[in-house]
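Chemist: Next up is a structure, given as structure tokens.
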Amino acid sequence: MDEEIQFYLDDLVESMGKALAHVNVEMSRIRAGKASPAMLDGIRVDYYGTPTPIGQIANISTPDARSLFIKPWEKNMIAEVTKAIRNSDLGLSPVSDAEGVRLNIPAMTEERRRDLVKQAKNESEAGKVRVRGIRKDVNEALRKLLKEGASEDAIKVAEEKVQKTTDTYIAEVEKALSKKESEIMTI
């Protein structure tokens, strides 16, 4: 029974780690006024009929804090990259030339900053819900072990570990939110 309890605890840490990583990825996609290649992670370009992540067909650089330069490895993909960015929900206007595509990142208004903070809070809340859901699933599995004959003390200790782990990951999600919030609100 002890191995099964340990299995659930290990699974808990792995699952919560994945939930935290997902929150961090989503936070990196929320633009904070500075140009970042991660802003383009969700964009797919039609690469000979196959939707392909932009990072797999082009080099993305940040010449300065307010612009991105996308240089496709094949010149004929410049038009496709421009089209994909224009059709995305980023709200940016790509400018293409013979070398690649330039994106100028406009300064954000106070209202836009508040909207982005709200979006970041929604992402962190979704992350907390995922972490709590994982806690619930593991606790249910532990109670099932109790019915199957595991010792009550071992289950109690395991449930305490589950709660401590949950608290740790919720704190990490909150830390990611506060970091993103200060990043967004810094002018």
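Just remember, in the structure tokens the first chain shown is A, the second B, etc., residues are 1-based per chain, and ligands are 1-based in the order shown.
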Can you tell me, as an NGL selection string, what residues are no more than 9 Å from Gly127 in chain A when counting only C-alpha atoms, ignoring any on the same chain fewer than 5 positions away?
Modeler: :A and (19-20 or 22-23 or 122 or 132 or 170 or 173)
Chemist: How about saving the chosen residues, N, CA and C atoms kept, as a PDB file, in the first residue's frame?
Modeler:
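The resulting file, part-v7.pdb, is reproduced below:
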ATOM      1  N   ALA A  19       0.701  21.716 -14.600  1.00  0.00           N
ATOM      2  CA  ALA A  19      -0.285  22.802 -14.505  1.00  0.00           C
ATOM      3  C   ALA A  19       0.422  24.147 -14.346  1.00  0.00           C
ATOM      4  N   LEU A  20       1.465  24.184 -13.516  1.00  0.00           N
ATOM      5  CA  LEU A  20       2.230  25.425 -13.322  1.00  0.00           C
ATOM      6  C   LEU A  20       2.950  25.822 -14.612  1.00  0.00           C
ATOM      7  N   HIS A  22       2.014  25.180 -17.601  1.00  0.00           N
ATOM      8  CA  HIS A  22       0.993  25.691 -18.516  1.00  0.00           C
ATOM      9  C   HIS A  22       0.660  27.148 -18.193  1.00  0.00           C
ATOM     10  N   VAL A  23       0.519  27.460 -16.907  1.00  0.00           N
ATOM     11  CA  VAL A  23       0.243  28.843 -16.492  1.00  0.00           C
ATOM     12  C   VAL A  23       1.378  29.751 -16.958  1.00  0.00           C
ATOM     13  N   ASN A 122      -7.225  35.866 -14.919  1.00  0.00           N
ATOM     14  CA  ASN A 122      -8.043  34.736 -15.374  1.00  0.00           C
ATOM     15  C   ASN A 122      -7.177  33.494 -15.584  1.00  0.00           C
ATOM     16  N   ARG A 132      -6.203  22.599  -7.838  1.00  0.00           N
ATOM     17  CA  ARG A 132      -7.171  22.083  -6.852  1.00  0.00           C
ATOM     18  C   ARG A 132      -7.859  20.828  -7.363  1.00  0.00           C
ATOM     19  N   ILE A 170       0.010  26.578  -5.526  1.00  0.00           N
ATOM     20  CA  ILE A 170      -0.881  27.751  -5.598  1.00  0.00           C
ATOM     21  C   ILE A 170      -0.045  29.013  -5.377  1.00  0.00           C
ATOM     22  N   VAL A 173       1.764  29.823  -8.564  1.00  0.00           N
ATOM     23  CA  VAL A 173       0.864  30.433  -9.548  1.00  0.00           C
ATOM     24  C   VAL A 173       0.656  31.903  -9.202  1.00  0.00           C
TER      25      VAL A 173
END
Chemist: Counting only C-alpha atoms, which residues in range 61-83 of chain A sit no more than 8 Å from range 100-113 of chain A? For each one, give the nearest pair of atoms and the distance in Å, sorted by chain then residue number, as CSV.
Modeler:
residue,atom,partner,partner_atom,distance
A:Arg66,CA,A:Ile105,CA,5.0
A:Ser67,CA,A:Asn104,CA,4.4
A:Leu68,CA,A:Leu103,CA,5.1
A:Phe69,CA,A:Arg102,CA,4.7
A:Ile70,CA,A:Val101,CA,5.0
A:Lys71,CA,A:Gly100,CA,4.5
A:Pro72,CA,A:Gly100,CA,6.4
A:Lys75,CA,A:Gly100,CA,7.6
A:Ile78,CA,A:Gly100,CA,5.9
A:Val81,CA,A:Val101,CA,7.5
A:Thr82,CA,A:Val101,CA,6.7
Chemist: Got time to write the residues from that selection, N, CA and C atoms, as a compact mmCIF listing (two decimals), in the first residue's frame?
Modeler:
# COMPACT_ATOMS: atom_id res chain seq x y z
N ARG A 66 10.69 47.64 -28.78
CA ARG A 66 9.36 47.89 -29.33
C ARG A 66 9.12 47.25 -30.70
N SER A 67 10.01 46.36 -31.13
CA SER A 67 9.77 45.74 -32.45
C SER A 67 10.31 44.31 -32.52
N LEU A 68 9.72 43.58 -33.45
CA LEU A 68 10.15 42.21 -33.75
C LEU A 68 10.49 42.16 -35.23
N PHE A 69 11.46 41.32 -35.57
CA PHE A 69 11.79 41.10 -36.99
C PHE A 69 11.73 39.60 -37.25
N ILE A 70 10.90 39.23 -38.21
CA ILE A 70 10.72 37.82 -38.55
C ILE A 70 11.36 37.60 -39.92
N LYS A 71 12.38 36.75 -39.94
CA LYS A 71 13.07 36.47 -41.20
C LYS A 71 12.86 35.00 -41.56
N PRO A 72 11.89 34.73 -42.48
CA PRO A 72 11.67 33.34 -42.89
C PRO A 72 12.89 32.78 -43.59
N LYS A 75 12.31 32.88 -48.73
CA LYS A 75 11.78 34.21 -49.06
C LYS A 75 10.29 34.16 -49.45
N ILE A 78 7.42 34.98 -46.83
CA ILE A 78 7.19 36.31 -46.23
C ILE A 78 5.70 36.68 -46.30
N VAL A 81 3.68 34.60 -43.78
CA VAL A 81 3.92 35.06 -42.41
C VAL A 81 3.10 36.33 -42.15
N THR A 82 3.16 37.27 -43.12
CA THR A 82 2.40 38.52 -43.00
C THR A 82 0.91 38.23 -42.85
Chemist: Taking only residues of range 71-101 of chain A that have an atom at most 8 Å from an atom of range 24-46 of chain A, what is each one's shortest atom pair and its distance in Å to one decimal, using only C-alpha atoms, in chain and number order, as JSON lines?
Modeler:
{"residue": "A:Glu80", "atom": "CA", "partner": "A:Val45", "partner_atom": "CA", "distance": 6.3}
{"residue": "A:Val81", "atom": "CA", "partner": "A:Val45", "partner_atom": "CA", "distance": 5.9}
{"residue": "A:Ala84", "atom": "CA", "partner": "A:Val45", "partner_atom": "CA", "distance": 5.6}
{"residue": "A:Ile85", "atom": "CA", "partner": "A:Ile43", "partner_atom": "CA", "distance": 7.0}
{"residue": "A:Ser88", "atom": "CA", "partner": "A:Ile43", "partner_atom": "CA", "distance": 6.8}
Chemist: When you count only C-alpha atoms, which of these residues is closest to Ala120 in chain A: A:Ala141, A:Ala79, A:Leu92, A:Leu177?
Modeler: A:Leu177
Chemist: Taking the backbone alone, and naming residues the way the document does, which bits of chain A are strand (DSSP E) by DSSP, as a list in words?
Modeler: Arg44, Val45, Asp46, Tyr47, Thr50, Pro51, Thr52, Pro53, Ala58, Asn59, Ile60, Ser61, Thr62, Pro63, Asp64, Ser67, Leu68, Phe69, Ile70, Lys71, Pro72, Pro94, Val95, Ser96, Val101, Arg102, Leu103 and Asn104 of chain A
Chemist: Give the answer as one residue: which of A:Ser182, A:Ser61, A:Ser96, A:Asn139 has the shortest atom-to-atom distance to Ile155 in chain A, using only C-alpha atoms?
Modeler: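 Once distances to Ile155 in chain A are computed over only C-alpha atoms, the minimum belongs to A:Asn139.
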Chemist: Can you list, as a ChimeraX atom specification, every residue of range 13-156 of chain A that DSSP puts in alpha helix (DSSP H)?
Modeler: /A:13-29,78-87,110-147,152-156
Chemist: Show me, as a compact mmCIF listing (two decimals) with N, CA, C and O atoms, in the first residue's frame, the residues that have an atom within 10 Å of Ser15 in chain A when counting only C-alpha atoms, minus same-chain residues fewer than 3 positions from it.
Modeler:
# COMPACT_ATOMS: atom_id res chain seq x y z
N LEU A 9 1.44 10.37 -4.71
CA LEU A 9 2.13 11.61 -4.34
C LEU A 9 3.08 12.07 -5.44
O LEU A 9 3.17 13.27 -5.74
N ASP A 10 3.78 11.11 -6.06
CA ASP A 10 4.68 11.46 -7.18
C ASP A 10 3.88 11.99 -8.37
O ASP A 10 4.27 12.97 -9.01
N ASP A 11 2.75 11.33 -8.64
CA ASP A 11 1.88 11.75 -9.73
C ASP A 11 1.33 13.15 -9.47
O ASP A 11 1.22 13.97 -10.38
N LEU A 12 1.03 13.43 -8.21
CA LEU A 12 0.53 14.75 -7.80
C LEU A 12 1.55 15.83 -8.16
O LEU A 12 1.20 16.83 -8.79
N LYS A 18 3.07 20.27 -14.24
CA LYS A 18 2.58 20.52 -15.61
C LYS A 18 1.57 21.67 -15.61
O LYS A 18 1.57 22.50 -16.52
N ALA A 19 0.70 21.72 -14.60
CA ALA A 19 -0.28 22.80 -14.51
C ALA A 19 0.42 24.15 -14.35
O ALA A 19 0.06 25.13 -15.00
N LEU A 20 1.47 24.18 -13.52
CA LEU A 20 2.23 25.42 -13.32
C LEU A 20 2.95 25.82 -14.61
O LEU A 20 2.97 27.00 -14.99
N ALA A 21 3.52 24.85 -15.30
CA ALA A 21 4.21 25.14 -16.56
C ALA A 21 3.23 25.72 -17.58
O ALA A 21 3.56 26.66 -18.31
N ARG A 130 -7.02 24.15 -11.80
CA ARG A 130 -6.40 22.89 -12.23
C ARG A 130 -5.67 22.23 -11.06
O ARG A 130 -5.78 21.02 -10.85
N VAL A 131 -4.91 23.02 -10.30
CA VAL A 131 -4.16 22.48 -9.16
C VAL A 131 -5.12 21.88 -8.13
O VAL A 131 -4.90 20.77 -7.63
N ILE A 134 -6.51 18.59 -9.30
CA ILE A 134 -5.54 17.51 -9.14
C ILE A 134 -5.53 17.04 -7.67
O ILE A 134 -5.53 15.85 -7.39
N ARG A 135 -5.57 18.01 -6.74
CA ARG A 135 -5.62 17.67 -5.31
C ARG A 135 -6.84 16.80 -5.02
O ARG A 135 -6.74 15.78 -4.35
Chemist: Could you check the closest approach to Glu3 in chain A for each of A:Lys164, A:Lys179, A:Pro63, A:Ala150 and tell me which residue wins, using only C-alpha atoms?
Modeler: A:Ala150
Chemist: Counting only C-alpha atoms, what is within 9 Å of Thr165 in chain A, bar same-chain residues fewer than 2 positions away, as a PyMOL selection string?
Modeler: chain A and resi 12-13+16+135+160-163+167-170
Chemist: Mind checking which residues fall within 12 Å of Asp153 in chain A, counting only C-alpha atoms, ignoring those fewer than 3 positions away in the same chain, and posting them as an NGL selection string?
Modeler: :A and (2 or 5 or 142-143 or 146 or 149-150 or 156-160)
Chemist: Those residues with N, CA and C atoms, as a PDB file, in the first residue's frame please?
Modeler:
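This went into again28.pdb:
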ATOM      1  N   ASP A   2       2.002   1.202   0.720  1.00  0.00           N
ATOM      2  CA  ASP A   2       2.859   2.392   0.791  1.00  0.00           C
ATOM      3  C   ASP A   2       3.361   2.801  -0.586  1.00  0.00           C
ATOM      4  N   ILE A   5       0.593   4.696  -2.320  1.00  0.00           N
ATOM      5  CA  ILE A   5       0.482   6.060  -1.780  1.00  0.00           C
ATOM      6  C   ILE A   5       1.580   6.932  -2.374  1.00  0.00           C
ATOM      7  N   LEU A 142      -6.681   8.382  -2.629  1.00  0.00           N
ATOM      8  CA  LEU A 142      -6.183   7.975  -1.308  1.00  0.00           C
ATOM      9  C   LEU A 142      -7.308   7.400  -0.452  1.00  0.00           C
ATOM     10  N   ARG A 143      -8.494   8.011  -0.523  1.00  0.00           N
ATOM     11  CA  ARG A 143      -9.633   7.493   0.252  1.00  0.00           C
ATOM     12  C   ARG A 143     -10.031   6.098  -0.241  1.00  0.00           C
ATOM     13  N   LEU A 146      -7.823   3.729   1.347  1.00  0.00           N
ATOM     14  CA  LEU A 146      -8.222   3.524   2.739  1.00  0.00           C
ATOM     15  C   LEU A 146      -9.296   2.440   2.814  1.00  0.00           C
ATOM     16  N   GLY A 149      -7.987  -1.006   2.537  1.00  0.00           N
ATOM     17  CA  GLY A 149      -7.222  -1.557   3.645  1.00  0.00           C
ATOM     18  C   GLY A 149      -5.929  -0.837   3.998  1.00  0.00           C
ATOM     19  N   ALA A 150      -5.668   0.312   3.421  1.00  0.00           N
ATOM     20  CA  ALA A 150      -4.466   1.068   3.797  1.00  0.00           C
ATOM     21  C   ALA A 150      -4.652   1.614   5.208  1.00  0.00           C
ATOM     22  N   LYS A 156      -3.666   9.722   6.299  1.00  0.00           N
ATOM     23  CA  LYS A 156      -3.691  11.070   6.882  1.00  0.00           C
ATOM     24  C   LYS A 156      -2.399  11.827   6.569  1.00  0.00           C
ATOM     25  N   VAL A 157      -1.273  11.152   6.731  1.00  0.00           N
ATOM     26  CA  VAL A 157       0.036  11.761   6.437  1.00  0.00           C
ATOM     27  C   VAL A 157       0.099  12.135   4.954  1.00  0.00           C
ATOM     28  N   ALA A 158      -0.384  11.229   4.110  1.00  0.00           N
ATOM     29  CA  ALA A 158      -0.365  11.489   2.669  1.00  0.00           C
ATOM     30  C   ALA A 158      -1.252  12.682   2.314  1.00  0.00           C
ATOM     31  N   GLU A 159      -2.435  12.771   2.942  1.00  0.00           N
ATOM     32  CA  GLU A 159      -3.340  13.900   2.672  1.00  0.00           C
ATOM     33  C   GLU A 159      -2.707  15.224   3.110  1.00  0.00           C
ATOM     34  N   GLU A 160      -1.960  15.189   4.222  1.00  0.00           N
ATOM     35  CA  GLU A 160      -1.258  16.404   4.662  1.00  0.00           C
ATOM     36  C   GLU A 160      -0.205  16.805   3.639  1.00  0.00           C
TER      37      GLU A 160
END
Chemist: Would you work out the distance separating CA of Lys121 in chain A from CA of Gly91 in chain A, expressed in Å to one decimal?
Modeler: 21.0 Å
Chemist: What gap, in Å, lies between CA of Glu174 in chain A and CA of Ser124 in chain A?
Modeler: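 These two atoms are separated by 6.9 Å.
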Chemist: For a test of reading the model, state the distance in Å between CA of Glu4 in chain A and CA of Leu145 in chain A, rounded to one decimal.
Modeler: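 Distance reported for this atom pair: 8.3 Å.
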